[in-house]
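Comments concern the structure below.
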Amino acid sequence: MGIREFPGGAPRGKTIAVGMRRSPDVSPRRLSDISPQLRQLKYLVVDEAIKEDLKWSRSVEDLSGPVGLTSIEERILRITGYYGYQPWAASYKREERPRDCPAPAEAPAPAGAEAGGRAPHLCWRCSGAQLKKIFWGVAVVLCVCSSWAGATQLAKLTFRKLDAPFALTWFATNWNFLFFPLYYAGHVCKSVEKQSLKQRYRECCRFFGDNGLTLKVFFTKAAPFGVLWTLTNYLYLHAIKKINTTDVSVLFCCNKAFVFLLSWIVLRDRFMGVRIVAAILAIAGIVMMTYADGFHSHSVIGIALVVGSASMSALYKVLFKLLLGSAKFGEAALFLSILGVFNILFITCVPVILYFTKVEYWSSFDDIPWGNLCGFSILLLTFNIVLNFGIAVTYPTLMSLGIVLSVPVNAVVDHYTSTIVFNGVRVIAIIIIGLGFLLLLLPEEWDVWLIKLLTRLKVRKKEETAEGGAEPGSGLPGKSRRLRPSFAR
């Protein structure tokens, strides 16, 4: 009995006892000459634990069948450099052996899977999961598009009766307080291990550090984001007063390009040429949108306000990633609720000052369109909930599509409710900014995926051409093609 350890196969410290008879005509100096003895491995009884380790090894396959034995023999002979070894002959012999199950089910089958039909069942289950995710993605896209376009149009209607964009911003931001209670209600309904509100709050507070949410953390990590949140919404709403909602919604899409530029400068993200092109398209679209109305002061101010809003939104996202990193669902809900608390405690004084200085003034509280205010706040809250938590059911790229799809919705509404003129310059600017937004949605490895897709299509086309040319011939074209490598001897 000799002790052999397979090269690159079983983990270190695990050996297999193999009984081999040494033939007198075999030279002990060459491992390639033990090829006949390797065939005795099919009578080997391997321990189950060792067999499982061997099955997951990259260099040794399962020893229970002839395919695994042939693979070991091939690799040993290839490593030792046996001059008479011909890999095409071994491959041909392996292909000619009878198989118990079809090749498509055998190739992708995971370890421990049955050869009968578990692999097709797994593929069908994955396809069903993907279809479900795409279905939810369509629902999320429609929800994001309708909520964002509806909030924009309701804000426009509100300003006809109430000229107070900062008061509207303050009122809508107060609704952020509902984020964490809504999240906890979902946690109680869906989670298997239910926690009390206090326990869940303490667990989510770990997002801010080991000490949780302290007064110092509140002013250093939450207050700056509260200011950026208020500025983003105020500048956006103030721009709606100056220009039409179509221009506002399409110009706000430039925030995606600003996020990329800031991430590249501040976070040192990967440089991508296609995103630089998208940023250039966004800037070109802004210039063309300004030119569409002839550089009037009213439109220039409105465009500047929207660009400022998009810049504040981009700065908010980049600083969040820089200072706080990524957040889980509960942590994000708690953070947004804290922004609502900050708005109530520290921003309330601003609309009060604007009211008494008559910058934003209304004669009576009965004249306030409370229906429009509450509708705008509910739609904005829905938009932020879906945008922050929709990733749990679908792909982030599909959610981003809802924002750019709100542009044609606003364009249709403006066409019937306002005096907007869709001249050639405005249409080209909208198309350019939309194209830049879509380019920014491409993943980082989009070029690799594209090359793989083109390669697969090319190979499939060659296979179809070869099959079409072999059909008029003899009855066994597949077998004749497999026999070709053997002629190379």
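Residue numbering restarts at 1 for every chain of the structure tokens, chains are lettered A, B, ... in their displayed order, and ligands are numbered from 1 as they appear.
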As a count of residues only, please: every residue in region 180-375 of chain A that DSSP puts in alpha helix (DSSP H). 137
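By chain and then residue number, the residues within 10 Å of Leu405 (chain A) are Val141, Leu142, Val144, Cys145, Ser146, Trp148, Ala149, Ser249, Val250, Ser400, Leu401, Gly402, Ile403, Val407, Pro408, Val409, Asn410 and Gly434 of chain A, counting only C-alpha atoms and disregarding those fewer than 2 positions away in sequence.
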Please report the interatomic distance between CA of Val393 (chain A) and CA of Ala222 (chain A) in Å with one decimal. 27.8 Å
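In this structure, CA of Leu440 (chain A) sits 10.8 Å away from CA of Leu281 (chain A).
Candidate residues A:Asn176, A:Ser363, A:Thr397, A:Ser377 were compared for distance to Asp163 (chain A), and the nearest is A:Ser363, using only C-alpha atoms.
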